[in-house]
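For reference, run.txt (compact mmCIF, C-alpha atoms):
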```txt
# COMPACT_ATOMS: atom_id res chain seq x y z
CA MET Y 1 14.72 -32.79 -25.22
CA PRO Y 2 13.67 -29.42 -23.68
CA ASN Y 3 12.00 -29.61 -20.27
CA LYS Y 4 9.87 -26.50 -20.74
CA ARG Y 5 6.49 -26.38 -22.46
CA ILE Y 6 4.87 -23.23 -23.86
CA LEU Y 7 1.19 -23.17 -24.81
CA ILE Y 8 0.00 -20.55 -27.32
CA VAL Y 9 -3.77 -19.95 -27.42
CA ASP Y 10 -5.47 -17.81 -30.09
CA ASP Y 11 -8.53 -18.33 -32.26
CA GLU Y 12 -6.67 -16.89 -35.28
CA GLU Y 13 -5.14 -19.95 -36.94
CA ASP Y 14 -2.87 -17.86 -39.16
CA LEU Y 15 -1.38 -16.21 -36.09
CA THR Y 16 -0.70 -19.45 -34.20
CA TRP Y 17 0.78 -21.02 -37.37
CA SER Y 18 3.06 -18.00 -37.88
CA ILE Y 19 4.18 -17.97 -34.25
CA SER Y 20 4.92 -21.71 -34.32
CA LYS Y 21 6.96 -21.37 -37.50
CA HIS Y 22 9.06 -18.45 -36.30
CA LEU Y 23 9.72 -19.88 -32.84
CA ALA Y 24 10.80 -23.27 -34.16
CA LYS Y 25 14.42 -22.09 -33.86
CA ASP Y 26 14.06 -22.33 -30.08
CA ARG Y 27 12.96 -25.98 -30.04
CA ASP Y 28 16.11 -26.83 -28.07
CA LYS Y 29 14.97 -24.49 -25.29
CA TYR Y 30 11.28 -25.36 -25.01
CA GLU Y 31 8.48 -27.35 -26.59
CA LEU Y 32 5.85 -25.16 -28.26
CA ILE Y 33 2.19 -26.22 -28.44
CA ALA Y 34 -0.33 -24.05 -30.32
CA VAL Y 35 -4.12 -24.38 -30.11
CA ASN Y 36 -7.00 -22.28 -31.42
CA SER Y 37 -9.44 -22.27 -28.53
CA ALA Y 38 -9.46 -22.08 -24.76
CA MET Y 39 -11.26 -25.43 -24.63
CA ALA Y 40 -8.38 -27.07 -26.51
CA ALA Y 41 -5.96 -25.34 -24.15
CA LEU Y 42 -7.75 -26.82 -21.12
CA ASP Y 43 -7.44 -30.27 -22.69
CA VAL Y 44 -3.70 -29.79 -23.10
CA LEU Y 45 -3.30 -28.49 -19.55
CA ALA Y 46 -5.11 -31.55 -18.22
CA GLN Y 47 -2.70 -33.92 -19.98
CA VAL Y 48 0.80 -32.44 -19.72
CA PRO Y 49 2.58 -29.92 -17.47
CA ILE Y 50 2.74 -26.44 -19.02
CA ASP Y 51 5.23 -23.84 -17.83
CA LEU Y 52 3.83 -20.83 -19.69
CA VAL Y 53 0.48 -20.02 -21.30
CA ILE Y 54 0.29 -17.17 -23.79
CA THR Y 55 -3.35 -16.46 -24.57
CA ASP Y 56 -5.45 -13.97 -26.46
CA ILE Y 57 -8.06 -12.38 -24.23
CA ARG Y 58 -10.95 -12.20 -26.72
CA MET Y 59 -12.00 -15.62 -27.97
CA PRO Y 60 -15.40 -17.26 -28.61
CA GLU Y 61 -17.00 -19.70 -26.15
CA ILE Y 62 -14.34 -19.42 -23.44
CA SER Y 63 -12.54 -16.09 -23.13
CA GLY Y 64 -8.92 -15.59 -22.25
CA LEU Y 65 -10.06 -14.23 -18.89
CA ASP Y 66 -11.90 -17.47 -18.08
CA LEU Y 67 -8.89 -19.47 -19.19
CA LEU Y 68 -6.66 -17.37 -17.00
CA LEU Y 69 -8.89 -17.88 -13.96
CA ASN Y 70 -8.87 -21.63 -14.59
CA VAL Y 71 -5.08 -21.71 -14.86
CA ARG Y 72 -4.62 -19.70 -11.69
CA GLU Y 73 -6.97 -21.98 -9.75
CA ASN Y 74 -5.95 -25.39 -11.08
CA TYR Y 75 -2.33 -24.89 -12.25
CA PRO Y 76 -0.81 -22.33 -9.87
CA GLN Y 77 2.74 -23.07 -11.06
CA THR Y 78 1.89 -22.13 -14.65
CA LYS Y 79 2.77 -18.60 -15.67
CA VAL Y 80 0.45 -16.56 -17.88
CA VAL Y 81 0.98 -13.86 -20.49
CA ILE Y 82 -1.95 -12.00 -22.04
CA MET Y 83 -2.05 -10.99 -25.71
CA THR Y 84 -4.42 -8.11 -26.39
CA ALA Y 85 -5.12 -5.51 -29.03
CA TYR Y 86 -7.12 -3.41 -26.58
CA GLY Y 87 -4.58 -2.43 -24.01
CA SER Y 88 -3.16 0.89 -22.97
CA SER Y 89 0.55 1.15 -22.30
CA GLU Y 90 -0.12 3.58 -19.47
CA ILE Y 91 -2.60 1.39 -17.61
CA GLN Y 92 -0.54 -1.72 -18.26
CA GLU Y 93 2.53 -0.04 -16.81
CA GLU Y 94 0.60 0.99 -13.69
CA ALA Y 95 -0.89 -2.48 -13.25
CA ASN Y 96 2.43 -4.25 -13.87
CA LYS Y 97 4.00 -2.20 -11.09
CA ARG Y 98 1.46 -3.77 -8.78
CA GLY Y 99 2.29 -7.35 -9.71
CA CYS Y 100 -0.13 -7.73 -12.57
CA PHE Y 101 0.33 -10.27 -15.38
CA LYS Y 102 2.66 -9.68 -18.25
CA TYR Y 103 1.12 -8.30 -21.42
CA ILE Y 104 2.08 -8.18 -25.03
CA GLU Y 105 0.08 -5.84 -27.21
CA LYS Y 106 -0.97 -6.76 -30.76
CA PRO Y 107 0.41 -6.28 -33.29
CA PHE Y 108 3.82 -7.31 -31.99
CA GLU Y 109 7.13 -8.28 -33.52
CA ILE Y 110 7.84 -12.00 -33.28
CA GLN Y 111 11.25 -11.20 -31.80
CA GLU Y 112 9.49 -9.32 -28.99
CA LEU Y 113 7.39 -12.41 -28.19
CA ARG Y 114 10.45 -14.66 -28.43
CA GLN Y 115 12.38 -12.53 -25.96
CA LEU Y 116 9.39 -12.37 -23.62
CA ILE Y 117 9.14 -16.18 -23.61
CA LEU Y 118 12.86 -16.59 -22.90
CA ASN Y 119 12.69 -14.04 -20.10
CA VAL Y 120 9.67 -15.65 -18.45
CA ILE Y 121 10.80 -19.27 -18.55
CA GLU Y 122 14.17 -18.32 -17.10
CA GLU Y 123 12.61 -16.51 -14.15
CA ARG Y 124 12.28 -18.30 -10.83
CA LYS Y 125 9.37 -16.09 -9.82
CA GLY Y 126 6.29 -15.92 -11.96
CA PHE Y 127 2.59 -15.60 -11.45
CA GLU Y 128 2.16 -18.47 -9.03
CA GLY Y 129 -0.64 -18.33 -6.56
CA ARG Y 130 -4.26 -19.05 -5.93
CA ILE Y 131 -7.22 -17.04 -7.17
CA SER Y 132 -7.33 -15.38 -3.75
CA ASP Y 133 -3.95 -13.87 -4.61
CA PHE Y 134 -5.43 -11.76 -7.43
CA GLN Y 135 -5.13 -8.03 -7.04
CA LEU Y 136 -8.35 -6.20 -7.77
CA SER Y 137 -6.68 -4.15 -10.47
CA ASP Y 138 -5.84 -7.40 -12.30
CA LEU Y 139 -9.44 -8.57 -12.39
CA ILE Y 140 -10.80 -5.19 -13.36
CA GLN Y 141 -8.35 -4.70 -16.19
CA LEU Y 142 -8.85 -8.18 -17.61
CA ASN Y 143 -12.64 -7.78 -17.68
CA CYS Y 144 -12.25 -4.48 -19.47
CA LEU Y 145 -9.65 -5.70 -21.97
CA GLY Y 146 -11.75 -8.77 -22.69
CA ARG Y 147 -14.87 -6.65 -23.32
CA GLN Y 148 -16.73 -8.72 -20.75
CA THR Y 149 -20.26 -8.30 -19.44
CA ASN Y 150 -19.88 -9.58 -15.90
CA ALA Y 151 -20.31 -8.70 -12.27
CA ILE Y 152 -17.59 -9.19 -9.68
CA PHE Y 153 -18.78 -9.46 -6.10
CA PHE Y 154 -16.20 -8.74 -3.42
CA GLU Y 155 -16.24 -9.47 0.29
CA LYS Y 156 -13.84 -8.50 3.04
CA GLU Y 157 -14.39 -8.81 6.78
CA GLY Y 158 -18.17 -8.75 6.38
CA GLN Y 159 -18.12 -5.81 3.98
CA GLN Y 160 -19.54 -6.46 0.51
CA GLY Y 161 -19.14 -4.65 -2.79
CA VAL Y 162 -19.81 -5.22 -6.48
CA ILE Y 163 -18.52 -3.87 -9.79
CA TYR Y 164 -20.54 -4.33 -13.00
CA PHE Y 165 -19.01 -4.50 -16.48
CA GLU Y 166 -20.87 -4.14 -19.77
CA ASP Y 167 -18.93 -4.85 -22.96
CA GLY Y 168 -15.74 -4.00 -21.07
CA ASN Y 169 -17.00 -0.73 -19.64
CA ILE Y 170 -17.41 -0.21 -15.89
CA ILE Y 171 -20.96 1.08 -15.53
CA HIS Y 172 -21.90 0.57 -11.88
CA ALA Y 173 -20.33 -0.13 -8.48
CA GLN Y 174 -21.80 -0.36 -5.03
CA VAL Y 175 -20.56 -0.79 -1.46
CA GLY Y 176 -23.38 -0.65 1.09
CA GLU Y 177 -25.23 2.58 0.35
CA LEU Y 178 -22.26 4.02 -1.55
CA GLU Y 179 -22.65 3.97 -5.35
CA GLY Y 180 -20.87 5.01 -8.53
CA GLU Y 181 -17.27 6.20 -8.75
CA ASP Y 182 -16.88 6.59 -4.99
CA ALA Y 183 -17.89 2.97 -4.48
CA PHE Y 184 -15.48 1.85 -7.20
CA TYR Y 185 -12.56 3.73 -5.61
CA ASP Y 186 -13.48 2.29 -2.23
CA ILE Y 187 -13.36 -1.29 -3.57
CA VAL Y 188 -10.06 -0.76 -5.42
CA ALA Y 189 -8.49 0.32 -2.12
CA TRP Y 190 -9.41 -2.96 -0.41
CA GLU Y 191 -6.49 -5.18 0.51
CA GLY Y 192 -7.31 -8.86 0.77
CA GLY Y 193 -10.74 -10.45 0.75
CA THR Y 194 -12.49 -12.77 -1.70
CA PHE Y 195 -14.37 -12.35 -4.97
CA THR Y 196 -16.98 -14.14 -7.06
CA LEU Y 197 -17.22 -13.62 -10.81
CA ARG Y 198 -20.75 -13.93 -12.23
CA LYS Y 199 -20.69 -14.18 -16.01
CA GLY Y 200 -23.28 -12.27 -17.98
CA GLU Y 201 -24.88 -10.60 -14.94
CA ARG Y 202 -26.00 -7.09 -15.82
CA ALA Y 203 -26.09 -3.98 -13.69
CA PRO Y 204 -29.44 -2.84 -12.25
CA LYS Y 205 -28.56 0.73 -13.26
CA GLU Y 206 -25.77 2.88 -14.66
CA THR Y 207 -23.93 5.19 -12.26
CA ILE Y 208 -20.44 5.39 -13.82
CA PHE Y 209 -19.76 7.15 -17.11
CA LYS Y 210 -15.99 7.68 -16.97
CA GLY Y 211 -13.65 5.55 -19.12
CA TRP Y 212 -12.35 2.45 -17.33
CA GLN Y 213 -8.69 3.35 -17.82
CA ASN Y 214 -9.11 6.74 -16.14
CA LEU Y 215 -11.14 5.10 -13.38
CA LEU Y 216 -8.51 2.47 -12.68
CA LEU Y 217 -5.62 4.92 -12.79
CA GLU Y 218 -7.41 7.21 -10.34
CA GLY Y 219 -8.22 4.24 -8.11
CA LEU Y 220 -4.59 3.10 -8.09
CA ARG Y 221 -3.45 6.66 -7.37
CA ARG Y 222 -5.77 6.82 -4.37
CA LEU Y 223 -4.53 3.42 -3.22
CA ASP Y 224 -0.95 4.70 -3.34
CA GLU Y 225 -1.98 7.72 -1.26
CA LYS Y 226 -3.70 5.44 1.24
CA LYS Y 227 -0.60 3.26 1.57
CA ALA Y 228 1.61 6.34 1.89
CA GLY Y 229 -0.69 7.58 4.63
CA LYS Y 230 -0.35 4.29 6.49
CA THR Y 231 3.40 4.44 6.14
CA HIS Y 232 3.40 7.96 7.52
CA GLN Y 233 1.11 6.89 10.35
CA ASN Y 234 3.38 3.97 11.21
CA SER Y 235 6.40 6.26 11.06
CA GLU Y 236 4.75 8.73 13.45
CA GLU Y 237 3.85 5.94 15.85
CA MET Y 238 7.41 4.63 15.79
CA ARG Y 239 8.77 8.11 16.46
CA LYS Y 240 6.40 8.59 19.39
CA GLN Y 241 7.56 5.29 20.87
CA LYS Y 242 11.18 6.41 20.62
CA LEU Y 243 10.38 9.77 22.22
CA THR Y 244 8.53 8.07 25.07
CA ALA Y 245 11.45 5.71 25.62
CA ALA Y 246 13.85 8.65 25.84
CA LEU Y 247 11.58 10.36 28.39
CA ASN Y 248 11.36 7.15 30.39
CA ASN Y 249 15.15 7.08 30.56
CA LEU Y 250 14.94 10.45 32.25
CA VAL Y 251 12.12 9.54 34.65
CA VAL Y 252 13.94 6.46 35.99
CA GLN Y 253 16.52 8.83 37.45
CA LYS Y 254 16.16 9.44 41.17
CA ASN Y 255 13.92 12.38 42.20
CA ILE Y 256 12.62 13.05 38.64
CA LEU Y 257 8.84 12.65 38.74
CA LEU Y 258 7.71 13.57 35.22
CA ALA Y 259 9.17 14.32 31.79
CA ALA Y 260 7.17 15.46 28.77
CA LEU Y 261 7.85 16.81 25.29
CA PHE Y 262 5.71 19.79 24.27
CA ASP Y 263 5.44 21.43 20.87
CA TYR Y 264 5.69 25.18 20.32
CA ASN Y 265 1.91 25.56 20.72
CA GLY Y 266 1.94 24.00 24.17
CA PHE Y 267 0.60 20.52 23.33
CA SER Y 268 2.15 17.33 24.69
CA ILE Y 269 3.67 14.99 22.06
CA ALA Y 270 5.02 12.30 24.40
CA SER Y 271 5.37 11.89 28.15
CA ALA Y 272 6.55 9.63 30.95
CA ILE Y 273 5.57 9.67 34.64
CA LYS Y 274 7.21 7.82 37.51
CA PRO Y 275 4.75 5.07 38.59
CA GLN Y 276 4.41 6.34 42.16
CA SER Y 277 3.57 9.85 40.85
CA ARG Y 278 0.77 8.90 38.43
CA ASP Y 279 -1.91 9.68 41.01
CA LYS Y 280 -0.39 13.11 41.49
CA PHE Y 281 0.16 14.22 37.88
CA SER Y 282 -2.05 14.03 34.81
CA ILE Y 283 -0.79 15.15 31.40
CA PRO Y 284 -4.25 16.36 30.22
CA GLU Y 285 -4.48 18.52 33.34
CA LEU Y 286 -0.92 19.81 32.97
CA VAL Y 287 -1.23 20.77 29.29
CA PRO Y 288 -3.25 23.99 29.79
CA ILE Y 289 -1.04 25.01 32.73
CA ILE Y 290 2.24 24.48 30.87
CA SER Y 291 0.81 25.98 27.68
CA GLN Y 292 -0.26 29.14 29.49
CA TRP Y 293 3.09 29.39 31.26
CA MET Y 294 5.02 29.06 27.98
CA ALA Y 295 2.81 31.58 26.20
CA GLN Y 296 3.10 34.14 28.97
CA SER Y 297 6.90 33.68 29.16
CA GLU Y 298 7.15 34.17 25.37
CA GLU Y 299 5.08 37.35 25.61
CA ASN Y 300 7.19 38.67 28.51
CA GLY Y 301 10.37 38.02 26.56
CA ARG Y 302 8.93 39.83 23.50
CA GLN Y 303 7.91 42.85 25.53
CA MET Y 304 11.37 43.07 27.10
CA ALA Y 305 13.03 42.55 23.69
CA LEU Y 306 14.78 39.43 25.00
CA GLY Y 307 13.77 37.10 22.15
CA THR Y 308 12.15 33.68 22.34
CA LEU Y 309 11.93 31.44 25.40
CA GLN Y 310 14.92 29.10 25.77
CA GLU Y 311 14.73 27.91 29.36
CA LEU Y 312 12.52 28.43 32.36
CA SER Y 313 13.29 27.08 35.83
CA VAL Y 314 10.94 27.56 38.77
CA GLN Y 315 11.68 26.24 42.25
CA PHE Y 316 8.75 25.53 44.56
CA GLU Y 317 8.55 24.36 48.14
CA LYS Y 318 8.00 20.73 47.11
CA GLY Y 319 9.72 20.53 43.77
CA ILE Y 320 11.20 22.11 40.66
CA LEU Y 321 9.71 22.80 37.21
CA GLN Y 322 12.10 22.96 34.25
CA ILE Y 323 11.05 24.00 30.74
CA VAL Y 324 13.94 23.79 28.27
CA ARG Y 325 13.86 24.34 24.53
CA LEU Y 326 15.44 21.62 22.35
CA PRO Y 327 18.47 22.81 20.33
CA GLU Y 328 17.33 24.22 16.96
CA LYS Y 329 13.82 22.84 17.47
CA ARG Y 330 10.39 24.26 18.17
CA HIS Y 331 9.88 21.78 21.00
CA PHE Y 332 10.28 22.04 24.77
CA LEU Y 333 11.26 19.46 27.34
CA VAL Y 334 9.21 19.80 30.54
CA VAL Y 335 10.59 18.16 33.69
CA ILE Y 336 9.12 18.08 37.19
CA THR Y 337 11.21 16.90 40.14
CA ASP Y 338 10.84 16.67 43.89
CA GLU Y 339 12.58 19.05 46.27
CA ALA Y 340 15.49 16.67 46.98
CA ILE Y 341 16.91 16.73 43.42
CA ASN Y 342 20.57 17.55 42.92
CA LEU Y 343 20.52 20.53 40.53
CA GLY Y 344 23.89 19.66 38.99
CA LEU Y 345 22.83 16.11 38.19
CA LEU Y 346 19.45 17.37 36.90
CA ARG Y 347 21.09 19.70 34.38
CA MET Y 348 23.40 16.88 33.25
CA GLU Y 349 20.48 14.47 32.69
CA ILE Y 350 18.42 17.12 30.91
CA LYS Y 351 21.32 17.90 28.59
CA LYS Y 352 21.60 14.22 27.57
CA ALA Y 353 17.84 13.97 27.08
CA LEU Y 354 17.74 17.10 24.92
CA LYS Y 355 20.34 15.67 22.57
CA GLN Y 356 18.56 12.32 22.33
CA LEU Y 357 15.16 13.87 21.70
CA ALA Y 358 16.54 16.21 19.03
CA GLN Y 359 18.10 13.26 17.20
CA ILE Y 360 14.76 11.40 17.17
CA LEU Y 361 12.95 14.44 15.78
CA SER Y 362 15.59 15.34 13.20
CA PRO Y 363 14.61 12.93 10.35
CA ASP Y 364 11.21 14.58 9.98
CA GLU Y 365 12.24 18.15 10.71
```
Please render this file's structure as structure tokens.
Amino acid sequence: MPNKRILIVDDEEDLTWSISKHLAKDRDKYELIAVNSAMAALDVLAQVPIDLVITDIRMPEISGLDLLLNVRENYPQTKVVIMTAYGSSEIQEEANKRGCFKYIEKPFEIQELRQLILNVIEERKGFEGRISDFQLSDLIQLNCLGRQTNAIFFEKEGQQGVIYFEDGNIIHAQVGELEGEDAFYDIVAWEGGTFTLRKGERAPKETIFKGWQNLLLEGLRRLDEKKAGKTHQNSEEMRKQKLTAALNNLVVQKNILLAALFDYNGFSIASAIKPQSRDKFSIPELVPIISQWMAQSEENGRQMALGTLQELSVQFEKGILQIVRLPEKRHFLVVITDEAINLGLLRMEIKKALKQLAQILSPDE
């Protein structure tokens, strides 16, 4: 006796009869149950464990969307596949990439459905989770495919938003004082939060006139850009931490008071100051001084036809200033020491630091 149960739900009796007949050959792999309404499906789910529900999205009384929400809330281990004649392969592909449900578009070949069932029941990972695990793109697409007239209210960290659907079209969205497409894109970019679905609630006005598929694709594109931006931001932060660590390795050396990395325009990217010298030196105060010094040295070299600045060393009564260009980079290492520094050891430590800093910068150069 097979230990898997598949539940087919569609209000077209001819379709469920045909599916049952053609899939009978797999009775050794799973038990197939076919019903013609979502209400009957809920009765089955309440009585026996179901591994996979395959449901049409447009049905009278209880829609496939409502059935899906019920399954996700009450039977989180049950996987769900949506049958729809209203899908778009492009939007489905985009949504599937983001962990959306599996879809099969009508009309389909019975062999296609058979293979989908075999693939799903053999997977260890499915669509388990609670309603709070829904991605916004899932909910939006299912309301549109099901031609629903609903409102979905979203909340995240005190921020509230709403999207209104009328006969499957997105006609209004609002977040605070933001309305229309901009509000819709803002909501789609939310990560986490909760939602409430209010059936039959109509929009107070119409502010969106673009097709839902184009809206959702644009929203997902913007979400990708947002995530890429975060990744870039995290990468930059990680790089700055590595640069600071390298400069700290230099500052812990005896008699070295400060080490900083400047870009070609004279702005500090990262810095390290010996603790006992922090009252004496301030990076914000040093930036205009170093920047002016570098600019003037570059101009002097140009006027004398000597090329670009590579290294500048100035010895004062109470210390030494070194400005050294990183190999094959448009960055400069700035080092300040006291007057007791051993020049040979200083050059050795600077050489090691230059190599280390260049390696950290290389991946993004």
Could you write out as lines of an AutoDock Vina configuration file the box around segment 179-195 of chain Y (axis-aligned, all atoms listed in the file, 8 Å on each side), with centre and edge lengths in Å to one decimal?
```
center_x = -14.6
center_y = -3.1
center_z = -4.0
size_x = 32.2
size_y = 35.4
size_z = 25.5
```
8 Å contact set for Phe262 of chain Y, all atoms listed in the file, chain neighbours under 6 positions out, as JSON, numbers by chain
{"Y": [268, 269, 270, 331, 332, 333, 334]}
Would you kindly return, as a list in words, each protein, DNA or RNA residue with an atom no farther than 10 Å from any atom of Leu326 of chain Y, considering all atoms listed in the file and excluding same-chain residues fewer than 6 positions away?
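Once the nearby chain positions are removed, what remains is Leu261, Gln310, Glu311, Phe332, Leu333, Lys351, Ala353, Leu354, Lys355, Gln356, Leu357 and Ala358 of chain Y.
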Residue neighbourhood Ala340 of chain Y, 8 Å, only C-alpha atoms, exclusion window fewer than 2 positions, as JSON, numbers by chain:
{"Y": [255, 319, 338, 342]}
Residues near Pro204 of chain Y, cut-off 12 Å, all atoms listed in the file, skip fewer than 2 positions along chain, as a PyMOL selection string
chain Y and resi 151+162-166+171-174+179+201-202+206-207
Quick one: residues within 12 Å of Thr16 of chain Y, all atoms listed in the file counted, chain neighbours fewer than 3 positions away excluded, as a PyMOL selection string?
chain Y and resi 7-13+19-23+32-37+54-56+110
Please determine, counting only C-alpha atoms, which residue among Y:Thr78, Y:Ser63, Y:Gln115, Y:Thr196 has the shortest atom-to-atom distance to Leu142 of chain Y.
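Smallest separation from Leu142 of chain Y among the options: Y:Ser63.
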